[in-house]
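input.csv, holding CSV, C-alpha atoms:
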chain,number,residue,atom,x,y,z
A,1,GLY,CA,-45.3,101.7,49.6
A,2,ALA,CA,-42.9,104.0,51.5
A,3,GLY,CA,-40.2,105.6,49.5
A,4,VAL,CA,-36.6,106.5,50.6
A,5,SER,CA,-36.6,108.7,53.7
A,6,GLN,CA,-33.9,110.9,55.0
A,7,THR,CA,-33.5,112.5,58.4
A,8,PRO,CA,-33.1,115.2,59.3
A,9,SER,CA,-34.5,117.3,56.5
A,10,ASN,CA,-32.5,120.2,57.5
A,11,LYS,CA,-29.3,120.4,59.6
A,12,VAL,CA,-27.5,123.6,60.7
A,13,THR,CA,-24.2,123.2,62.4
A,14,GLU,CA,-21.1,125.2,63.2
A,15,LYS,CA,-17.8,124.8,61.5
A,16,GLY,CA,-15.7,122.1,63.1
A,17,LYS,CA,-18.7,120.1,64.5
A,18,TYR,CA,-19.6,116.4,63.7
A,19,VAL,CA,-22.8,115.5,61.9
A,20,GLU,CA,-24.6,112.3,61.0
A,21,LEU,CA,-27.2,112.1,58.2
A,22,ARG,CA,-29.5,109.1,58.0
A,23,CYS,CA,-31.0,107.3,55.1
A,24,ASP,CA,-33.8,104.7,55.2
A,25,PRO,CA,-34.0,102.9,51.8
A,26,ILE,CA,-37.0,101.3,50.2
A,27,SER,CA,-37.6,97.9,51.9
A,28,GLY,CA,-35.9,95.1,50.0
A,29,HIS,CA,-33.5,97.3,48.1
A,30,THR,CA,-30.0,96.0,48.4
A,31,ALA,CA,-28.1,98.9,46.7
A,32,LEU,CA,-27.8,102.3,48.4
A,33,TYR,CA,-26.2,105.4,47.1
A,34,TRP,CA,-25.2,108.8,48.5
A,35,TYR,CA,-24.9,111.9,46.4
A,36,ARG,CA,-24.2,115.5,47.2
A,37,GLN,CA,-25.9,118.4,45.4
A,38,SER,CA,-24.3,121.9,45.8
A,39,LEU,CA,-26.4,125.0,44.9
A,40,GLY,CA,-26.9,125.3,41.2
A,41,GLN,CA,-25.2,121.9,40.4
A,42,GLY,CA,-26.2,118.4,39.6
A,43,PRO,CA,-25.8,115.7,42.2
A,44,GLU,CA,-22.3,114.3,42.6
A,45,PHE,CA,-21.7,110.7,43.5
A,46,LEU,CA,-20.1,110.0,46.9
A,47,ILE,CA,-20.4,106.3,47.8
A,48,TYR,CA,-22.6,103.3,47.2
A,49,PHE,CA,-23.2,100.1,49.1
A,50,GLN,CA,-24.2,96.7,48.0
A,51,GLY,CA,-25.6,95.1,51.1
A,52,THR,CA,-23.4,96.0,54.1
A,53,GLY,CA,-20.2,96.7,52.2
A,54,ALA,CA,-19.1,99.9,50.4
A,55,ALA,CA,-18.7,98.8,46.8
A,56,ASP,CA,-17.3,102.2,45.6
A,57,ASP,CA,-16.3,105.0,47.9
A,58,SER,CA,-14.2,106.9,45.3
A,59,GLY,CA,-16.5,109.9,45.4
A,60,LEU,CA,-15.9,110.8,49.1
A,61,PRO,CA,-14.0,114.1,49.0
A,62,ASN,CA,-11.6,113.4,51.9
A,63,ASP,CA,-11.2,111.4,55.0
A,64,ARG,CA,-13.6,113.6,57.0
A,65,PHE,CA,-16.4,111.8,55.2
A,66,PHE,CA,-17.4,108.3,56.2
A,67,ALA,CA,-20.5,106.1,55.6
A,68,VAL,CA,-21.8,102.9,57.1
A,69,ARG,CA,-24.6,100.4,56.5
A,70,PRO,CA,-24.1,97.8,59.3
A,71,GLU,CA,-27.2,95.7,58.7
A,72,GLY,CA,-27.6,96.2,55.0
A,73,SER,CA,-30.6,98.6,55.3
A,74,VAL,CA,-30.3,102.0,57.0
A,75,SER,CA,-27.2,104.0,56.2
A,76,THR,CA,-25.5,106.8,58.0
A,77,LEU,CA,-23.3,109.4,56.4
A,78,LYS,CA,-20.8,110.9,58.9
A,79,ILE,CA,-18.9,114.1,58.5
A,80,GLN,CA,-16.2,115.1,60.9
A,81,ARG,CA,-14.8,118.6,61.5
A,82,THR,CA,-17.4,120.2,59.2
A,83,GLU,CA,-16.3,123.0,56.9
A,84,ARG,CA,-18.4,125.7,55.2
A,85,GLY,CA,-17.7,124.1,51.9
A,86,ASP,CA,-19.6,121.0,53.1
A,87,SER,CA,-22.9,122.9,52.9
A,88,ALA,CA,-25.1,121.2,50.3
A,89,VAL,CA,-28.1,118.9,50.0
A,90,TYR,CA,-27.1,115.3,50.6
A,91,LEU,CA,-29.2,112.9,48.6
A,92,CYS,CA,-29.7,109.2,49.3
A,93,ALA,CA,-31.0,106.7,46.7
A,94,SER,CA,-31.7,103.0,46.7
A,95,SER,CA,-32.3,100.4,44.0
A,96,LEU,CA,-33.4,96.8,43.9
A,97,GLU,CA,-29.9,95.6,43.3
A,98,GLU,CA,-26.6,96.9,42.1
A,99,ALA,CA,-27.0,97.1,38.3
A,100,ALA,CA,-26.7,100.0,35.9
A,101,TYR,CA,-30.1,99.4,34.4
A,102,ASN,CA,-32.0,99.5,37.7
A,103,GLU,CA,-33.8,102.7,38.6
A,104,GLN,CA,-32.4,104.6,41.6
A,105,PHE,CA,-35.2,106.0,43.8
A,106,PHE,CA,-34.2,109.2,45.5
A,107,GLY,CA,-35.1,110.6,48.9
A,108,PRO,CA,-35.9,114.2,49.5
A,109,GLY,CA,-32.5,115.0,50.8
A,110,THR,CA,-30.9,116.5,53.9
A,111,ARG,CA,-30.0,120.2,53.5
A,112,LEU,CA,-26.8,120.7,55.5
A,113,THR,CA,-25.7,124.3,56.4
A,114,VAL,CA,-22.3,124.8,58.0
A,115,LEU,CA,-22.0,128.2,59.6
B,1,ALA,CA,-14.9,108.4,33.2
B,2,GLN,CA,-18.0,110.0,31.9
B,3,SER,CA,-19.2,113.5,31.7
B,4,VAL,CA,-22.6,115.1,30.9
B,5,THR,CA,-23.2,118.6,29.5
B,6,GLN,CA,-26.6,120.2,29.6
B,7,LEU,CA,-26.4,123.0,27.1
B,8,ASP,CA,-29.1,125.3,28.6
B,9,SER,CA,-29.2,126.2,32.2
B,10,GLN,CA,-32.6,127.9,31.9
B,11,VAL,CA,-35.4,127.4,29.4
B,12,PRO,CA,-38.4,129.6,29.6
B,13,VAL,CA,-41.4,128.7,27.5
B,14,PHE,CA,-45.1,129.5,27.2
B,15,GLU,CA,-47.8,126.9,28.1
B,16,GLU,CA,-48.7,124.5,25.3
B,17,ALA,CA,-45.5,125.3,23.4
B,18,PRO,CA,-43.1,122.5,22.5
B,19,VAL,CA,-39.8,122.2,24.4
B,20,GLU,CA,-36.4,120.5,23.9
B,21,LEU,CA,-33.9,120.2,26.7
B,22,ARG,CA,-30.4,119.3,25.3
B,23,CYS,CA,-28.0,116.8,26.7
B,24,ASN,CA,-24.6,115.7,25.4
B,25,TYR,CA,-22.4,113.1,27.0
B,26,SER,CA,-18.9,111.9,26.8
B,27,SER,CA,-17.7,108.3,27.6
B,28,SER,CA,-15.1,105.9,26.4
B,29,VAL,CA,-17.3,102.9,27.3
B,30,SER,CA,-20.9,101.9,26.7
B,31,VAL,CA,-23.4,103.8,28.8
B,32,TYR,CA,-27.0,103.9,29.8
B,33,LEU,CA,-28.8,107.3,29.8
B,34,PHE,CA,-31.4,108.8,32.1
B,35,TRP,CA,-33.5,111.9,32.6
B,36,TYR,CA,-34.6,112.9,36.1
B,37,VAL,CA,-36.9,115.7,37.1
B,38,GLN,CA,-36.8,117.5,40.4
B,39,TYR,CA,-39.9,119.5,41.4
B,40,PRO,CA,-39.5,122.2,44.0
B,41,ASN,CA,-39.0,120.7,47.5
B,42,GLN,CA,-39.2,117.1,46.2
B,43,GLY,CA,-36.7,114.4,45.4
B,44,LEU,CA,-35.4,113.4,42.0
B,45,GLN,CA,-37.9,111.3,40.0
B,46,LEU,CA,-37.0,109.2,36.9
B,47,LEU,CA,-38.6,110.5,33.7
B,48,LEU,CA,-37.2,107.9,31.3
B,49,LYS,CA,-34.2,105.9,30.5
B,50,TYR,CA,-32.4,104.4,27.5
B,51,LEU,CA,-30.8,101.0,27.9
B,52,SER,CA,-30.9,99.5,24.4
B,53,GLY,CA,-33.1,99.0,21.4
B,54,SER,CA,-35.2,101.7,19.9
B,55,THR,CA,-33.4,105.1,20.1
B,56,LEU,CA,-36.7,106.9,20.8
B,57,VAL,CA,-37.7,106.4,24.4
B,58,LYS,CA,-41.0,107.5,25.9
B,59,GLY,CA,-41.4,108.4,29.5
B,60,ILE,CA,-43.9,109.7,32.0
B,61,ASN,CA,-45.9,112.9,31.7
B,62,GLY,CA,-45.7,112.9,27.9
B,63,PHE,CA,-41.9,113.3,27.7
B,64,GLU,CA,-39.7,111.5,25.2
B,65,ALA,CA,-36.0,111.4,24.4
B,66,GLU,CA,-33.9,110.3,21.5
B,67,PHE,CA,-30.6,108.7,21.8
B,68,ASN,CA,-28.1,109.6,19.1
B,69,LYS,CA,-24.9,107.6,19.4
B,70,SER,CA,-23.0,109.4,16.6
B,71,GLN,CA,-23.7,112.8,18.2
B,72,THR,CA,-23.5,111.5,21.7
B,73,SER,CA,-26.7,113.2,22.6
B,74,PHE,CA,-29.9,112.4,24.5
B,75,HIS,CA,-32.2,115.3,24.1
B,76,LEU,CA,-35.5,115.5,26.0
B,77,ARG,CA,-38.7,116.7,24.3
B,78,LYS,CA,-42.3,117.4,24.9
B,79,PRO,CA,-44.7,118.6,22.2
B,80,SER,CA,-46.9,120.7,24.5
B,81,VAL,CA,-45.9,121.7,28.0
B,82,HIS,CA,-48.0,122.6,31.0
B,83,ILE,CA,-47.5,124.9,33.9
B,84,SER,CA,-47.0,121.8,36.1
B,85,ASP,CA,-43.9,120.9,34.1
B,86,THR,CA,-42.0,123.7,35.7
B,87,ALA,CA,-39.0,122.0,37.4
B,88,GLU,CA,-35.3,121.3,37.2
B,89,TYR,CA,-34.4,118.5,34.7
B,90,PHE,CA,-31.2,116.5,35.0
B,91,CYS,CA,-29.6,114.3,32.4
B,92,ALA,CA,-27.5,111.4,33.8
B,93,VAL,CA,-25.3,108.6,32.5
B,94,THR,CA,-23.9,105.4,33.9
B,95,GLU,CA,-21.5,102.8,32.6
B,96,THR,CA,-23.3,99.7,31.6
B,97,SER,CA,-20.9,97.8,33.9
B,98,GLY,CA,-21.3,100.1,36.8
B,99,SER,CA,-24.2,101.8,38.7
B,100,ARG,CA,-23.0,105.2,39.9
B,101,LEU,CA,-24.8,108.0,38.1
B,102,THR,CA,-23.0,111.0,36.6
B,103,PHE,CA,-25.3,114.0,36.3
B,104,GLY,CA,-25.3,117.2,34.2
B,105,GLU,CA,-25.7,120.5,35.9
B,106,GLY,CA,-29.4,120.7,35.2
B,107,THR,CA,-31.8,122.7,33.2
B,108,GLN,CA,-34.5,124.8,34.8
B,109,LEU,CA,-37.6,124.7,32.8
B,110,THR,CA,-40.1,127.4,33.5
B,111,VAL,CA,-43.5,127.3,31.8
B,112,ASN,CA,-45.3,130.6,31.8
B,113,PRO,CA,-49.0,131.2,31.2
Starting from the coordinates I provided, produce the structure as structure tokens.
Amino acid sequence: GAGVSQTPSNKVTEKGKYVELRCDPISGHTALYWYRQSLGQGPEFLIYFQGTGAADDSGLPNDRFFAVRPEGSVSTLKIQRTERGDSAVYLCASSLEEAAYNEQFFGPGTRLTVL
Amino acid sequence: AQSVTQLDSQVPVFEEAPVELRCNYSSSVSVYLFWYVQYPNQGLQLLLKYLSGSTLVKGINGFEAEFNKSQTSFHLRKPSVHISDTAEYFCAVTETSGSRLTFGEGTQLTVNP
């Protein structure tokens, strides 16, 4: 079946602009995660959803970052007033349900470049 | 909070040689442990995971890992590597009561002919 998809695959924007990154999880997966991977680093947790609600948003770096999942499926990560330091690959993952033992399936990522 | 340390940022080996990628973790609570692989231009893929039971875990593509609680380690091994194993490997941990993953910084495995 279809895996996790993310759009766009690449996004180039200018400092100060607003961007939206989209994640389509695997059908039927109730848990959805966002991570950020900077160059040469491992992924860092940002936020995760169980259904429509954000269960843990403690990884969001500041209030310029926001994520939604209004219908419990597709999620959008929103970044306001982008800064050069936001440049990274943003990864989305989904799992069957929110549980530590469940495998998280990752999408290919969106590479964000802020000029 | 947990942390993960991957002791080698780069590991070059020759084809058909054995390899070990080292991972140590730190946590004050019980954890589950994972190894993910990231091939060039692809998403992260789960290689194997340790939840409980036997400390030797077998995964896909001939990889295995051993959980050592006293040394807080979860080293990844393969007895004979192929060119196609060239990739970035990430060790990760999560609290048994949570689900967010904490990753190490990764080890780039390069298999040379």
Contact residues around Tyr101 in chain A with all atoms listed in the file at 12 Å, ignoring same-chain residues under 2 positions, as a ChimeraX atom specification: /A:95-99,103-104 /B:31-34,48-52,93-101
Given only C-alpha atoms, how would the per-residue table for chain A near chain B read, listing every residue at most 10 Å away with its closest atom pair and distance in Å to one decimal, sorted by chain and number, as JSON lines?
{"residue": "A:Val4", "atom": "CA", "partner": "B:Gly43", "partner_atom": "CA", "distance": 9.5}
{"residue": "A:Ala31", "atom": "CA", "partner": "B:Ser99", "partner_atom": "CA", "distance": 9.4}
{"residue": "A:Tyr33", "atom": "CA", "partner": "B:Arg100", "partner_atom": "CA", "distance": 7.9}
{"residue": "A:Trp34", "atom": "CA", "partner": "B:Arg100", "partner_atom": "CA", "distance": 9.6}
{"residue": "A:Tyr35", "atom": "CA", "partner": "B:Leu101", "partner_atom": "CA", "distance": 9.2}
{"residue": "A:Gln37", "atom": "CA", "partner": "B:Glu105", "partner_atom": "CA", "distance": 9.7}
{"residue": "A:Gly40", "atom": "CA", "partner": "B:Glu105", "partner_atom": "CA", "distance": 7.3}
{"residue": "A:Gln41", "atom": "CA", "partner": "B:Glu105", "partner_atom": "CA", "distance": 4.7}
{"residue": "A:Gly42", "atom": "CA", "partner": "B:Glu105", "partner_atom": "CA", "distance": 4.3}
{"residue": "A:Pro43", "atom": "CA", "partner": "B:Phe103", "partner_atom": "CA", "distance": 6.2}
{"residue": "A:Glu44", "atom": "CA", "partner": "B:Thr102", "partner_atom": "CA", "distance": 6.9}
{"residue": "A:Phe45", "atom": "CA", "partner": "B:Arg100", "partner_atom": "CA", "distance": 6.7}
{"residue": "A:Leu46", "atom": "CA", "partner": "B:Arg100", "partner_atom": "CA", "distance": 9.0}
{"residue": "A:Ile47", "atom": "CA", "partner": "B:Arg100", "partner_atom": "CA", "distance": 8.4}
{"residue": "A:Tyr48", "atom": "CA", "partner": "B:Arg100", "partner_atom": "CA", "distance": 7.6}
{"residue": "A:Asp56", "atom": "CA", "partner": "B:Arg100", "partner_atom": "CA", "distance": 8.6}
{"residue": "A:Gly59", "atom": "CA", "partner": "B:Arg100", "partner_atom": "CA", "distance": 9.7}
{"residue": "A:Leu91", "atom": "CA", "partner": "B:Gly43", "partner_atom": "CA", "distance": 8.3}
{"residue": "A:Cys92", "atom": "CA", "partner": "B:Gly43", "partner_atom": "CA", "distance": 9.6}
{"residue": "A:Ala93", "atom": "CA", "partner": "B:Leu44", "partner_atom": "CA", "distance": 9.3}
{"residue": "A:Ser95", "atom": "CA", "partner": "B:Ser99", "partner_atom": "CA", "distance": 9.8}
{"residue": "A:Glu97", "atom": "CA", "partner": "B:Ser99", "partner_atom": "CA", "distance": 9.6}
{"residue": "A:Glu98", "atom": "CA", "partner": "B:Ser99", "partner_atom": "CA", "distance": 6.4}
{"residue": "A:Ala99", "atom": "CA", "partner": "B:Ser99", "partner_atom": "CA", "distance": 5.5}
{"residue": "A:Ala100", "atom": "CA", "partner": "B:Ser99", "partner_atom": "CA", "distance": 4.2}
{"residue": "A:Tyr101", "atom": "CA", "partner": "B:Leu51", "partner_atom": "CA", "distance": 6.7}
{"residue": "A:Asn102", "atom": "CA", "partner": "B:Ser99", "partner_atom": "CA", "distance": 8.2}
{"residue": "A:Glu103", "atom": "CA", "partner": "B:Leu46", "partner_atom": "CA", "distance": 7.4}
{"residue": "A:Gln104", "atom": "CA", "partner": "B:Leu46", "partner_atom": "CA", "distance": 8.0}
{"residue": "A:Phe105", "atom": "CA", "partner": "B:Gln45", "partner_atom": "CA", "distance": 7.1}
{"residue": "A:Phe106", "atom": "CA", "partner": "B:Leu44", "partner_atom": "CA", "distance": 5.6}
{"residue": "A:Gly107", "atom": "CA", "partner": "B:Gly43", "partner_atom": "CA", "distance": 5.4}
{"residue": "A:Pro108", "atom": "CA", "partner": "B:Gly43", "partner_atom": "CA", "distance": 4.2}
{"residue": "A:Gly109", "atom": "CA", "partner": "B:Gly43", "partner_atom": "CA", "distance": 6.9}
Å distance separating CA of Asn62 in chain A from CA of Cys23 in chain A, one decimal place: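 According to the coordinates, CA of Asn62 in chain A and CA of Cys23 in chain A are separated by 20.6 Å.
For the pair CA of Gly72 in chain A and CA of Arg111 in chain A, the separation is 24.2 Å.
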Show me, as a PDB file with C-alpha atoms, keeping the file's coordinate frame, the residues that have an atom within 12 Å of Arg77 in chain B when counting only C-alpha atoms, minus same-chain residues fewer than 3 positions from it.
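Contents of the output file result-v8.pdb:
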ATOM      1  CA  ALA B  17     -45.500 125.300  23.400  1.00  0.00           C
ATOM      2  CA  PRO B  18     -43.100 122.500  22.500  1.00  0.00           C
ATOM      3  CA  VAL B  19     -39.800 122.200  24.400  1.00  0.00           C
ATOM      4  CA  GLU B  20     -36.400 120.500  23.900  1.00  0.00           C
ATOM      5  CA  LEU B  21     -33.900 120.200  26.700  1.00  0.00           C
ATOM      6  CA  ARG B  22     -30.400 119.300  25.300  1.00  0.00           C
ATOM      7  CA  CYS B  23     -28.000 116.800  26.700  1.00  0.00           C
ATOM      8  CA  TRP B  35     -33.500 111.900  32.600  1.00  0.00           C
ATOM      9  CA  LEU B  47     -38.600 110.500  33.700  1.00  0.00           C
ATOM     10  CA  LEU B  48     -37.200 107.900  31.300  1.00  0.00           C
ATOM     11  CA  LEU B  56     -36.700 106.900  20.800  1.00  0.00           C
ATOM     12  CA  VAL B  57     -37.700 106.400  24.400  1.00  0.00           C
ATOM     13  CA  LYS B  58     -41.000 107.500  25.900  1.00  0.00           C
ATOM     14  CA  GLY B  59     -41.400 108.400  29.500  1.00  0.00           C
ATOM     15  CA  ILE B  60     -43.900 109.700  32.000  1.00  0.00           C
ATOM     16  CA  ASN B  61     -45.900 112.900  31.700  1.00  0.00           C
ATOM     17  CA  GLY B  62     -45.700 112.900  27.900  1.00  0.00           C
ATOM     18  CA  PHE B  63     -41.900 113.300  27.700  1.00  0.00           C
ATOM     19  CA  GLU B  64     -39.700 111.500  25.200  1.00  0.00           C
ATOM     20  CA  ALA B  65     -36.000 111.400  24.400  1.00  0.00           C
ATOM     21  CA  GLU B  66     -33.900 110.300  21.500  1.00  0.00           C
ATOM     22  CA  PHE B  67     -30.600 108.700  21.800  1.00  0.00           C
ATOM     23  CA  PHE B  74     -29.900 112.400  24.500  1.00  0.00           C
ATOM     24  CA  SER B  80     -46.900 120.700  24.500  1.00  0.00           C
ATOM     25  CA  VAL B  81     -45.900 121.700  28.000  1.00  0.00           C
ATOM     26  CA  ASP B  85     -43.900 120.900  34.100  1.00  0.00           C
ATOM     27  CA  TYR B  89     -34.400 118.500  34.700  1.00  0.00           C
ATOM     28  CA  LEU B 109     -37.600 124.700  32.800  1.00  0.00           C
TER      29      LEU B 109
END
Residue nearest His82 in chain B among B:Thr110, B:Ser27, B:Ser3, B:Asp8 (counting only C-alpha atoms):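 The answer is B:Thr110, which sits nearest to His82 in chain B.
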CA of Thr113 in chain A to CA of Gln6 in chain B, straight-line distance in Å: 27.1 Å
Contacts of Glu83 in chain A within 10 Å, only C-alpha atoms, excl. fewer than 6 positions in-chain, as a ChimeraX atom specification: /A:13-17,64,113-115
Selected residue, from A:Arg84, A:Arg36, A:Lys11, A:His29, that lies nearest to Pro61 in chain A when counting all atoms listed in the file: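 Checking each candidate against Pro61 in chain A, we get A:Arg36 as the closest.
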Nearby residues (all atoms listed in the file) at most 9 Å from Arg69 in chain A, same-chain spacing under 3 positions excluded, as a ChimeraX atom specification: /A:32,49,51-54,72-76
Name the residues, using the chain letters and numbers of the file, that sit within 9 Å of (-36.6, 113.8, 57.4) when counting all atoms listed in the file, and give them as a PDB file with C-alpha atoms, keeping the file's coordinate frame.
ATOM      1  CA  SER A   5     -36.600 108.700  53.700  1.00  0.00           C
ATOM      2  CA  GLN A   6     -33.900 110.900  55.000  1.00  0.00           C
ATOM      3  CA  THR A   7     -33.500 112.500  58.400  1.00  0.00           C
ATOM      4  CA  PRO A   8     -33.100 115.200  59.300  1.00  0.00           C
ATOM      5  CA  SER A   9     -34.500 117.300  56.500  1.00  0.00           C
ATOM      6  CA  ASN A  10     -32.500 120.200  57.500  1.00  0.00           C
ATOM      7  CA  ARG A  22     -29.500 109.100  58.000  1.00  0.00           C
ATOM      8  CA  CYS A  23     -31.000 107.300  55.100  1.00  0.00           C
ATOM      9  CA  PRO A 108     -35.900 114.200  49.500  1.00  0.00           C
ATOM     10  CA  GLY A 109     -32.500 115.000  50.800  1.00  0.00           C
ATOM     11  CA  THR A 110     -30.900 116.500  53.900  1.00  0.00           C
TER      12      THR A 110
END
Residues within 8 Å of (-19.0, 112.4, 59.1), counting all atoms listed in the file, listed as a list of chain:residue names: A:Tyr18, A:Val19, A:Glu20, A:Arg64, A:Phe65, A:Phe66, A:Ala67, A:Leu77, A:Lys78, A:Ile79, A:Gln80, A:Arg81, A:Thr82
Top pick for closest residue to Ile83 in chain B, considering B:Tyr36, B:Thr55, B:Glu16, B:Lys69 and counting all atoms listed in the file: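 Distance minimum relative to Ile83 in chain B lands on B:Glu16.
For the residues A:Leu21, A:Val89, A:Ile26, A:Val68, ranking by smallest atom-to-atom distance to Gly3 in chain A using all atoms listed in the file places A:Ile26 first.
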